[in-house]
$ cat entry.cif   # mmCIF, C-alpha atoms (C1' of nucleotides)
data_entry
loop_
_atom_site.group_PDB
_atom_site.id
_atom_site.type_symbol
_atom_site.label_atom_id
_atom_site.label_comp_id
_atom_site.auth_asym_id
_atom_site.auth_seq_id
_atom_site.Cartn_x
_atom_site.Cartn_y
_atom_site.Cartn_z
ATOM 1 C CA MET A 68 173.313 -109.653 104.788
ATOM 2 C CA GLU A 69 172.266 -112.796 103.000
ATOM 3 C CA ILE A 70 169.144 -113.604 101.035
ATOM 4 C CA VAL A 71 167.286 -116.474 102.682
ATOM 5 C CA ARG A 72 164.620 -117.104 100.037
ATOM 6 C CA PRO A 73 166.230 -116.520 96.596
ATOM 7 C CA GLY A 74 163.033 -117.598 94.902
ATOM 8 C CA TYR A 75 161.474 -114.341 96.021
ATOM 9 C CA LEU A 76 164.013 -112.072 94.381
ATOM 10 C CA PRO A 77 161.767 -109.486 92.688
ATOM 11 C CA ASP A 78 162.187 -110.183 88.982
ATOM 12 C CA PRO A 79 160.824 -107.297 86.847
ATOM 13 C CA ALA A 80 160.679 -109.619 83.833
ATOM 14 C CA LEU A 81 157.801 -111.616 85.269
ATOM 15 C CA ASP A 82 154.318 -110.910 83.986
ATOM 16 C CA ALA A 83 151.780 -109.345 86.338
ATOM 17 C CA ASP A 84 150.078 -112.658 87.088
ATOM 18 C CA ALA A 85 153.353 -114.268 88.119
ATOM 19 C CA MET A 86 154.159 -111.275 90.309
ATOM 20 C CA GLU A 87 150.814 -111.515 92.041
ATOM 21 C CA ALA A 88 151.210 -115.259 92.480
ATOM 22 C CA MET A 89 154.597 -114.685 94.110
ATOM 23 C CA GLN A 90 153.060 -112.127 96.438
ATOM 24 C CA ARG A 91 150.474 -114.634 97.597
ATOM 25 C CA ASP A 92 153.264 -117.083 98.389
ATOM 26 C CA ILE A 93 155.210 -114.387 100.206
ATOM 27 C CA ALA A 94 152.178 -113.451 102.296
ATOM 28 C CA ALA A 95 151.748 -117.113 103.207
ATOM 29 C CA ASP A 96 155.376 -117.259 104.366
ATOM 30 C CA ALA A 97 155.176 -113.941 106.210
ATOM 31 C CA THR A 98 154.708 -113.747 109.961
ATOM 32 C CA PHE A 99 152.511 -110.920 111.212
ATOM 33 C CA ALA A 100 153.346 -111.628 114.842
ATOM 34 C CA ASP A 101 156.287 -110.653 116.997
ATOM 35 C CA ASP A 102 159.326 -112.803 116.303
ATOM 36 C CA HIS A 103 162.220 -110.650 117.511
ATOM 37 C CA GLY A 104 163.708 -109.410 120.742
ATOM 38 C CA LEU A 105 162.982 -105.751 120.208
ATOM 39 C CA THR A 106 161.345 -103.265 122.538
ATOM 40 C CA PRO A 107 160.547 -99.610 121.870
ATOM 41 C CA ASP A 108 163.008 -98.588 124.597
ATOM 42 C CA ALA A 109 165.830 -100.573 123.040
ATOM 43 C CA VAL A 110 165.421 -99.052 119.582
ATOM 44 C CA ALA A 111 164.519 -95.563 120.799
ATOM 45 C CA ILE A 112 166.161 -92.632 119.068
ATOM 46 C CA ASP A 113 165.711 -89.535 121.208
ATOM 47 C CA GLU A 114 167.456 -86.878 119.195
ATOM 48 C CA PRO A 115 167.480 -86.130 115.480
ATOM 49 C CA ILE A 116 170.473 -87.738 113.790
ATOM 50 C CA GLU A 117 172.669 -85.234 112.027
ATOM 51 C CA GLU A 118 175.644 -87.171 110.743
ATOM 52 C CA THR A 119 174.699 -88.963 107.568
ATOM 53 C CA ASP A 120 178.098 -90.607 107.378
ATOM 54 C CA PRO A 121 179.064 -93.691 109.364
ATOM 55 C CA ALA A 122 180.932 -93.015 112.586
ATOM 56 C CA GLN A 123 182.830 -95.499 114.745
ATOM 57 C CA THR A 124 181.158 -96.419 117.997
ATOM 58 C CA THR A 125 182.686 -98.399 120.801
ATOM 59 C CA PHE A 126 179.569 -98.049 122.908
ATOM 60 C CA ASP A 127 176.061 -99.279 122.190
ATOM 61 C CA GLY A 128 177.378 -102.644 121.041
ATOM 62 C CA ASP A 129 174.488 -104.225 122.882
ATOM 63 C CA ARG A 130 171.779 -102.125 121.297
ATOM 64 C CA PRO A 131 169.663 -103.248 118.323
ATOM 65 C CA ILE A 132 170.607 -102.209 114.804
ATOM 66 C CA VAL A 133 167.795 -100.490 112.927
ATOM 67 C CA VAL A 134 168.261 -100.006 109.204
ATOM 68 C CA GLY A 135 166.473 -97.382 107.154
ATOM 69 C CA VAL A 136 166.173 -97.986 103.400
ATOM 70 C CA ASP A 137 165.195 -95.528 100.683
ATOM 71 C CA GLN A 138 165.394 -95.214 96.908
ATOM 72 C CA ALA A 139 165.975 -92.484 94.361
ATOM 73 C CA PHE A 140 165.826 -92.701 90.588
ATOM 74 C CA ARG A 141 167.907 -91.690 87.645
ATOM 75 C CA GLU A 142 167.393 -92.070 83.919
ATOM 76 C CA GLU A 143 167.498 -95.815 83.788
ATOM 77 C CA GLU A 144 168.327 -97.092 87.215
ATOM 78 C CA ALA A 145 167.063 -97.206 90.764
ATOM 79 C CA VAL A 146 169.517 -96.378 93.530
ATOM 80 C CA SER A 147 168.948 -97.679 97.032
ATOM 81 C CA VAL A 148 170.742 -96.732 100.218
ATOM 82 C CA ALA A 149 170.552 -98.670 103.469
ATOM 83 C CA VAL A 150 171.653 -96.819 106.582
ATOM 84 C CA ALA A 151 172.386 -98.839 109.715
ATOM 85 C CA ILE A 152 171.766 -97.078 113.010
ATOM 86 C CA ARG A 153 172.647 -98.228 116.514
ATOM 87 C CA GLY A 154 172.189 -96.184 119.629
ATOM 88 C CA GLY A 155 171.094 -93.177 117.612
ATOM 89 C CA ARG A 156 174.231 -93.138 115.485
ATOM 90 C CA VAL A 157 174.961 -94.175 111.911
ATOM 91 C CA ILE A 158 177.355 -97.127 111.881
ATOM 92 C CA GLU A 159 177.231 -98.240 108.254
ATOM 93 C CA ARG A 160 175.878 -97.256 104.889
ATOM 94 C CA ALA A 161 175.394 -99.490 101.860
ATOM 95 C CA VAL A 162 174.434 -98.598 98.291
ATOM 96 C CA GLY A 163 172.632 -100.729 95.722
ATOM 97 C CA HIS A 164 171.654 -100.329 92.072
ATOM 98 C CA ALA A 165 169.268 -101.958 89.617
ATOM 99 C CA PRO A 166 168.054 -101.034 86.146
ATOM 100 C CA LEU A 167 164.527 -99.606 85.950
ATOM 101 C CA GLU A 168 162.625 -102.112 83.882
ATOM 102 C CA ILE A 169 158.992 -101.565 84.723
ATOM 103 C CA PRO A 170 156.892 -98.507 85.572
ATOM 104 C CA TYR A 171 155.372 -97.866 88.951
ATOM 105 C CA ILE A 172 152.268 -99.995 89.356
ATOM 106 C CA PRO A 173 150.256 -99.775 92.592
ATOM 107 C CA GLY A 174 150.556 -103.157 94.265
ATOM 108 C CA LEU A 175 153.709 -104.156 92.405
ATOM 109 C CA LEU A 176 156.154 -101.608 93.794
ATOM 110 C CA ALA A 177 158.571 -104.262 95.045
ATOM 111 C CA PHE A 178 159.195 -105.472 91.501
ATOM 112 C CA ARG A 179 160.304 -102.002 90.458
ATOM 113 C CA GLU A 180 162.438 -101.094 93.474
ATOM 114 C CA GLY A 181 163.171 -104.402 95.158
ATOM 115 C CA GLY A 182 166.207 -105.263 93.053
ATOM 116 C CA ALA A 183 168.096 -102.162 94.141
ATOM 117 C CA ILE A 184 167.082 -102.718 97.758
ATOM 118 C CA ALA A 185 168.273 -106.318 97.733
ATOM 119 C CA ASP A 186 171.544 -105.184 96.159
ATOM 120 C CA ALA A 187 172.112 -102.641 98.926
ATOM 121 C CA LEU A 188 171.184 -105.027 101.725
ATOM 122 C CA GLU A 189 173.440 -107.773 100.391
ATOM 123 C CA THR A 190 176.311 -105.327 100.664
ATOM 124 C CA LEU A 191 175.536 -104.479 104.277
ATOM 125 C CA THR A 192 178.003 -106.172 106.635
ATOM 126 C CA VAL A 193 176.200 -105.670 109.955
ATOM 127 C CA ALA A 194 173.177 -107.799 110.846
ATOM 128 C CA PRO A 195 170.026 -105.650 111.181
ATOM 129 C CA ASP A 196 167.531 -106.327 113.956
ATOM 130 C CA LEU A 197 164.871 -104.311 112.135
ATOM 131 C CA LEU A 198 164.413 -102.840 108.677
ATOM 132 C CA VAL A 199 162.290 -99.745 108.077
ATOM 133 C CA LEU A 200 161.043 -99.601 104.478
ATOM 134 C CA ASP A 201 159.357 -96.820 102.528
ATOM 135 C CA GLY A 202 155.921 -98.089 101.594
ATOM 136 C CA SER A 203 153.448 -100.652 102.839
ATOM 137 C CA GLY A 204 153.850 -104.049 104.363
ATOM 138 C CA ARG A 205 150.647 -105.846 105.227
ATOM 139 C CA ILE A 206 148.546 -102.930 103.982
ATOM 140 C CA HIS A 207 148.470 -104.347 100.485
ATOM 141 C CA TYR A 208 146.006 -106.113 98.162
ATOM 142 C CA ARG A 209 147.689 -109.442 98.836
ATOM 143 C CA GLU A 210 149.290 -108.551 102.199
ATOM 144 C CA ALA A 211 152.654 -108.501 100.480
ATOM 145 C CA GLY A 212 153.788 -104.907 100.165
ATOM 146 C CA ILE A 213 157.433 -104.022 99.700
ATOM 147 C CA ALA A 214 158.171 -104.218 103.433
ATOM 148 C CA THR A 215 156.765 -107.730 103.612
ATOM 149 C CA HIS A 216 158.517 -108.774 100.407
ATOM 150 C CA VAL A 217 161.938 -107.611 101.595
ATOM 151 C CA GLY A 218 161.354 -109.015 105.076
ATOM 152 C CA VAL A 219 160.528 -112.492 103.807
ATOM 153 C CA LEU A 220 163.304 -112.370 101.191
ATOM 154 C CA PHE A 221 165.931 -111.866 103.911
ATOM 155 C CA ASP A 222 163.847 -113.329 106.744
ATOM 156 C CA VAL A 223 164.397 -110.251 108.871
ATOM 157 C CA PRO A 224 161.891 -108.211 110.934
ATOM 158 C CA THR A 225 160.554 -105.294 108.880
ATOM 159 C CA VAL A 226 158.007 -102.513 109.110
ATOM 160 C CA GLY A 227 156.572 -100.399 106.331
ATOM 161 C CA VAL A 228 156.133 -96.652 106.654
ATOM 162 C CA ALA A 229 154.136 -94.910 103.934
ATOM 163 C CA LYS A 230 152.928 -91.363 103.457
ATOM 164 C CA ASN A 231 149.705 -92.413 101.788
ATOM 165 C CA LEU A 232 147.220 -95.229 102.241
ATOM 166 C CA LEU A 233 147.235 -97.880 99.519
ATOM 167 C CA CYS A 234 144.156 -99.811 100.597
ATOM 168 C CA GLY A 235 142.175 -100.761 103.646
ATOM 169 C CA THR A 236 139.761 -98.670 105.710
ATOM 170 C CA PRO A 237 140.530 -96.703 108.877
ATOM 171 C CA VAL A 238 138.117 -97.410 111.748
ATOM 172 C CA GLU A 239 137.671 -93.688 112.087
ATOM 173 C CA SER A 240 137.890 -91.040 109.395
ATOM 174 C CA VAL A 241 141.247 -89.386 109.785
ATOM 175 C CA SER A 242 140.724 -86.608 107.262
ATOM 176 C CA ASP A 243 138.434 -84.560 109.438
ATOM 177 C CA ARG A 244 139.758 -85.167 112.937
ATOM 178 C CA TYR A 245 142.857 -83.605 114.453
ATOM 179 C CA LEU A 246 145.153 -86.288 115.838
ATOM 180 C CA ASP A 247 147.561 -85.389 118.614
ATOM 181 C CA ALA A 248 151.164 -86.501 118.373
ATOM 182 C CA GLY A 249 151.371 -90.153 119.402
ATOM 183 C CA GLU A 250 147.800 -91.045 118.452
ATOM 184 C CA ARG A 251 146.989 -93.930 116.147
ATOM 185 C CA VAL A 252 143.934 -95.092 114.224
ATOM 186 C CA ALA A 253 143.623 -98.725 113.193
ATOM 187 C CA ILE A 254 143.306 -99.607 109.516
ATOM 188 C CA GLU A 255 141.244 -102.680 108.709
ATOM 189 C CA ALA A 256 141.191 -104.958 105.716
ATOM 190 C CA ASP A 257 138.303 -104.368 103.339
ATOM 191 C CA ASP A 258 137.270 -105.902 100.015
ATOM 192 C CA ASP A 259 140.456 -104.596 98.396
ATOM 193 C CA VAL A 260 142.540 -106.884 100.597
ATOM 194 C CA GLU A 261 141.928 -110.232 98.953
ATOM 195 C CA THR A 262 143.948 -112.451 101.261
ATOM 196 C CA CYS A 263 142.383 -111.924 104.669
ATOM 197 C CA ALA A 264 139.029 -111.402 106.340
ATOM 198 C CA ASN A 265 137.446 -107.987 106.274
ATOM 199 C CA GLY A 266 137.882 -106.230 109.579
ATOM 200 C CA THR A 267 141.353 -107.632 110.223
ATOM 201 C CA THR A 268 143.646 -104.903 111.554
ATOM 202 C CA ILE A 269 146.467 -104.571 109.036
ATOM 203 C CA GLY A 270 148.096 -101.336 110.122
ATOM 204 C CA HIS A 271 147.664 -97.881 111.604
ATOM 205 C CA PHE A 272 147.606 -94.225 110.798
ATOM 206 C CA TYR A 273 150.197 -92.936 113.218
ATOM 207 C CA GLN A 274 150.599 -89.294 114.130
ATOM 208 C CA SER A 275 154.366 -89.067 114.615
ATOM 209 C CA ARG A 276 154.344 -85.299 114.828
ATOM 210 C CA GLN A 277 151.770 -82.557 115.100
ATOM 211 C CA TYR A 278 151.603 -78.782 115.248
ATOM 212 C CA ASP A 279 151.029 -77.459 118.755
ATOM 213 C CA THR A 280 148.150 -75.276 117.709
ATOM 214 C CA PRO A 281 144.976 -77.265 116.939
ATOM 215 C CA ASP A 282 144.400 -74.757 114.160
ATOM 216 C CA ARG A 283 143.464 -75.289 110.614
ATOM 217 C CA ARG A 284 146.824 -76.768 109.677
ATOM 218 C CA HIS A 285 147.829 -80.254 110.571
ATOM 219 C CA VAL A 286 150.536 -82.772 109.741
ATOM 220 C CA ASN A 287 149.381 -85.810 107.788
ATOM 221 C CA PRO A 288 149.801 -89.021 109.763
ATOM 222 C CA LEU A 289 152.137 -91.804 108.652
ATOM 223 C CA VAL A 290 150.731 -95.107 107.460
ATOM 224 C CA VAL A 291 152.477 -97.876 109.390
ATOM 225 C CA SER A 292 152.092 -101.580 108.749
ATOM 226 C CA PRO A 293 153.997 -104.697 109.740
ATOM 227 C CA GLY A 294 156.272 -106.197 107.114
ATOM 228 C CA HIS A 295 157.488 -109.495 108.541
ATOM 229 C CA ARG A 296 157.966 -110.972 112.026
ATOM 230 C CA VAL A 297 156.351 -107.954 113.689
ATOM 231 C CA ALA A 298 152.798 -107.586 115.016
ATOM 232 C CA THR A 299 150.657 -104.670 113.909
ATOM 233 C CA GLY A 300 150.611 -102.841 117.236
ATOM 234 C CA THR A 301 154.301 -103.458 117.778
ATOM 235 C CA ALA A 302 155.144 -102.093 114.340
ATOM 236 C CA THR A 303 153.574 -98.785 115.284
ATOM 237 C CA ASP A 304 155.205 -98.821 118.740
ATOM 238 C CA LEU A 305 158.627 -99.342 117.176
ATOM 239 C CA VAL A 306 158.126 -96.676 114.534
ATOM 240 C CA GLY A 307 157.041 -94.283 117.258
ATOM 241 C CA ALA A 308 160.237 -95.055 119.151
ATOM 242 C CA VAL A 309 162.530 -94.268 116.237
ATOM 243 C CA CYS A 310 160.897 -90.925 115.488
ATOM 244 C CA ALA A 311 162.731 -87.992 117.030
ATOM 245 C CA GLY A 312 160.661 -84.902 116.467
ATOM 246 C CA TYR A 313 160.245 -85.072 112.728
ATOM 247 C CA LYS A 314 157.357 -86.586 110.862
ATOM 248 C CA LEU A 315 159.520 -89.340 109.393
ATOM 249 C CA PRO A 316 161.339 -91.978 111.449
ATOM 250 C CA GLU A 317 165.056 -91.179 111.816
ATOM 251 C CA PRO A 318 166.196 -94.246 109.852
ATOM 252 C CA THR A 319 164.153 -93.224 106.804
ATOM 253 C CA ARG A 320 165.007 -89.551 107.196
ATOM 254 C CA ILE A 321 168.704 -90.328 107.112
ATOM 255 C CA ALA A 322 168.391 -92.863 104.313
ATOM 256 C CA ASP A 323 166.347 -90.274 102.431
ATOM 257 C CA ALA A 324 169.060 -87.662 102.711
ATOM 258 C CA ALA A 325 171.801 -90.149 101.916
ATOM 259 C CA VAL A 326 170.165 -91.547 98.789
ATOM 260 C CA GLY A 327 169.488 -88.033 97.585
ATOM 261 C CA GLU A 328 173.183 -87.227 97.449
ATOM 262 C CA GLN A 329 174.030 -90.671 96.139
ATOM 263 C CA ALA A 330 171.573 -90.423 93.242
ATOM 264 C CA ARG A 331 172.937 -87.263 91.706
ATOM 265 C CA GLU A 332 176.453 -88.650 91.568
ATOM 266 C "C1'" DG B 53 132.677 -97.245 81.685
ATOM 267 C "C1'" DC B 54 134.351 -94.730 86.229
ATOM 268 C "C1'" DG B 55 137.095 -94.351 90.200
ATOM 269 C "C1'" DA B 56 141.261 -95.687 93.133
ATOM 270 C "C1'" DC B 57 145.941 -96.416 93.350
ATOM 271 C "C1'" DA B 58 152.637 -97.241 98.363
ATOM 272 C "C1'" DG B 59 156.891 -94.954 95.421
ATOM 273 C "C1'" DA C 132 159.405 -91.013 92.723
ATOM 274 C "C1'" DT C 133 160.578 -86.493 89.825
ATOM 275 C "C1'" DC C 134 160.490 -81.564 87.455
ATOM 276 C "C1'" DT C 135 161.776 -76.922 91.195
ATOM 277 C "C1'" DT C 136 162.077 -70.965 94.247
ATOM 278 C "C1'" DG C 137 159.852 -68.710 96.727
ATOM 279 C "C1'" DT C 138 156.565 -68.300 99.951
ATOM 280 C "C1'" DC C 139 152.529 -68.587 103.367
ATOM 281 C "C1'" DG C 140 151.951 -69.600 108.186
ATOM 282 C "C1'" DC C 141 153.143 -71.083 112.872
#

$ encode --input "entry.cif" --output "C-alpha cells"
Amino acid sequence: MEIVRPGYLPDPALDADAMEAMQRDIAADATFADDHGLTPDAVAIDEPIEETDPAQTTFDGDRPIVVGVDQAFREEEAVSVAVAIRGGRVIERAVGHAPLEIPYIPGLLAFREGGAIADALETLTVAPDLLVLDGSGRIHYREAGIATHVGVLFDVPTVGVAKNLLCGTPVESVSDRYLDAGERVAIEADDDVETCANGTTIGHFYQSRQYDTPDRRHVNPLVVSPGHRVATGTATDLVGAVCAGYKLPEPTRIADAAVGEQARE
DNA sequence: GCGACAG
DNA sequence: ATCTTGTCGC
C-alpha cells in the first residue's frame, strides 16, 4: 500500500517537541467517526486461524481484508510483520525493518516502531479495509497513538488494541469487577488527554474472553480505541468480531506468531 | 520531589 | 518489547 501523508513518516531523529507537534497535527487530521463500509458480520472470524502462511483463496473475494500488524525486536532493529486476512484465512504476509534509534517512551511509541510498520505496509500488495495495531489509537495524551499515526499516514481505517491502559479513566473501575465475555467499559478522556474535553469517550476496556467460572481468576480485558476513520463504539464492535475464542484478535495473534519466527531469523 | 507510563 | 521452564489452576 501507499503512504498518503509522507510528512507524517515517523522520524526517530526528531526531538521530542517536534514529535509531539506532529502528533497534534495527526490528531487534527484523524477522523474518529465511521468512514468505511465495514460491519462486524463482514469482518467476523469465527474460528481460530491456524495457518500462519498465506494460502490461495478463490472464494471470499468480496469480503473485507483485515490486516494484523505486530513487531519484534533484535539487537539494533525493529521487525514488523503485516498479515492480511480475508474470510478467516491468511492471504498475504509482508515484512518490514527499521533500525532502532530511540528507546521506548510512553506517548512516542510510533516513533520507535512506526518505521518498521510503514516498511511492511508499503510492501503489502493487497488493499486493507482495516488495520489492527498493537497499542493505542485515540487513547493517547494527544489522541495520536500508534494506531492513529499509522491510520493517518496511509489514510486507512485502523483500530488500536492494547493490553494495558496508557491514559484516560474508565467510567467504572475494572480492577475489582468481573466482566463477562463481550462486556465493555467506556474509557473517558481526563486531564492527561490534552487535546479533547474531559469526559469524551476515547475507547473501551473490552472483555474478549473470560473464564467460565466467576472465581478468583479472571482474564484482563483488552484496551480498544479507534485509530482513524472508525468510531469508538464501532472499533470495539469490529475487534469483538475478529476475536475467535482467544483473548487477542485473530489478526494480531497471527501477526504475533509470524513476527516471532521472523525476528529470530 | 513523587508517581504514572501502549510496546 | 525482552531475558526464559516449569508450574499452579481451571

$ interface_residues --input "entry.cif" --of "chain A" --to "chain C" --cutoff "10 Å" --atoms "only C-alpha atoms (C1' of nucleotides)" --output "compact mmCIF listing (two decimals) with C-alpha atoms, keeping the file's coordinate frame"
# COMPACT_ATOMS: atom_id res chain seq x y z
CA GLN A 138 165.39 -95.21 96.91
CA ALA A 139 165.98 -92.48 94.36
CA PHE A 140 165.83 -92.70 90.59
CA ARG A 141 167.91 -91.69 87.64
CA TYR A 171 155.37 -97.87 88.95
CA TYR A 278 151.60 -78.78 115.25
CA ASP A 279 151.03 -77.46 118.76
CA THR A 280 148.15 -75.28 117.71
CA ASP A 282 144.40 -74.76 114.16
CA ARG A 284 146.82 -76.77 109.68

$ resolve_selection --input "entry.cif" --expression "the PyMOL selection byres ((chain B) within 10 of (chain A))" --output "mmCIF file with C-alpha atoms (C1' of nucleotides), in the frame of the given file"
data_model
loop_
_atom_site.group_PDB
_atom_site.id
_atom_site.type_symbol
_atom_site.label_atom_id
_atom_site.label_comp_id
_atom_site.auth_asym_id
_atom_site.auth_seq_id
_atom_site.Cartn_x
_atom_site.Cartn_y
_atom_site.Cartn_z
ATOM 1 C "C1'" DA B 56 141.261 -95.687 93.133
ATOM 2 C "C1'" DC B 57 145.941 -96.416 93.350
ATOM 3 C "C1'" DA B 58 152.637 -97.241 98.363
ATOM 4 C "C1'" DG B 59 156.891 -94.954 95.421
#

$ closest_residue --input "entry.cif" --among "A:Gly182, A:Pro170, A:Pro79, A:Pro293" --to "Val223 of chain A" --atoms "only C-alpha atoms"
A:Pro293

$ atom_distance --input "entry.cif" --atom1 "atom CA of Val297 of chain A" --atom2 "atom CA of Tyr313 of chain A"
23.2 Å

$ atom_distance --input "entry.cif" --atom1 "atom CA of Asp92 of chain A" --atom2 "atom CA of Gly74 of chain A"
10.4 Å

$ residues_around --input "entry.cif" --residues "Ile254 of chain A" --least-positions-apart "4" --cutoff "10 Å" --atoms "only C-alpha atoms (C1' of nucleotides)" --output "number ranges by chain"
A: 206, 232, 234-239, 266-272, 290-292, 299

$ write_last_selection --input "entry.cif" --atoms "C-alpha atoms" --output "mmCIF file, in the frame of the given file"
data_model
loop_
_atom_site.group_PDB
_atom_site.id
_atom_site.type_symbol
_atom_site.label_atom_id
_atom_site.label_comp_id
_atom_site.auth_asym_id
_atom_site.auth_seq_id
_atom_site.Cartn_x
_atom_site.Cartn_y
_atom_site.Cartn_z
ATOM 1 C CA ILE A 206 148.546 -102.930 103.982
ATOM 2 C CA LEU A 232 147.220 -95.229 102.241
ATOM 3 C CA CYS A 234 144.156 -99.811 100.597
ATOM 4 C CA GLY A 235 142.175 -100.761 103.646
ATOM 5 C CA THR A 236 139.761 -98.670 105.710
ATOM 6 C CA PRO A 237 140.530 -96.703 108.877
ATOM 7 C CA VAL A 238 138.117 -97.410 111.748
ATOM 8 C CA GLU A 239 137.671 -93.688 112.087
ATOM 9 C CA GLY A 266 137.882 -106.230 109.579
ATOM 10 C CA THR A 267 141.353 -107.632 110.223
ATOM 11 C CA THR A 268 143.646 -104.903 111.554
ATOM 12 C CA ILE A 269 146.467 -104.571 109.036
ATOM 13 C CA GLY A 270 148.096 -101.336 110.122
ATOM 14 C CA HIS A 271 147.664 -97.881 111.604
ATOM 15 C CA PHE A 272 147.606 -94.225 110.798
ATOM 16 C CA VAL A 290 150.731 -95.107 107.460
ATOM 17 C CA VAL A 291 152.477 -97.876 109.390
ATOM 18 C CA SER A 292 152.092 -101.580 108.749
ATOM 19 C CA THR A 299 150.657 -104.670 113.909
#
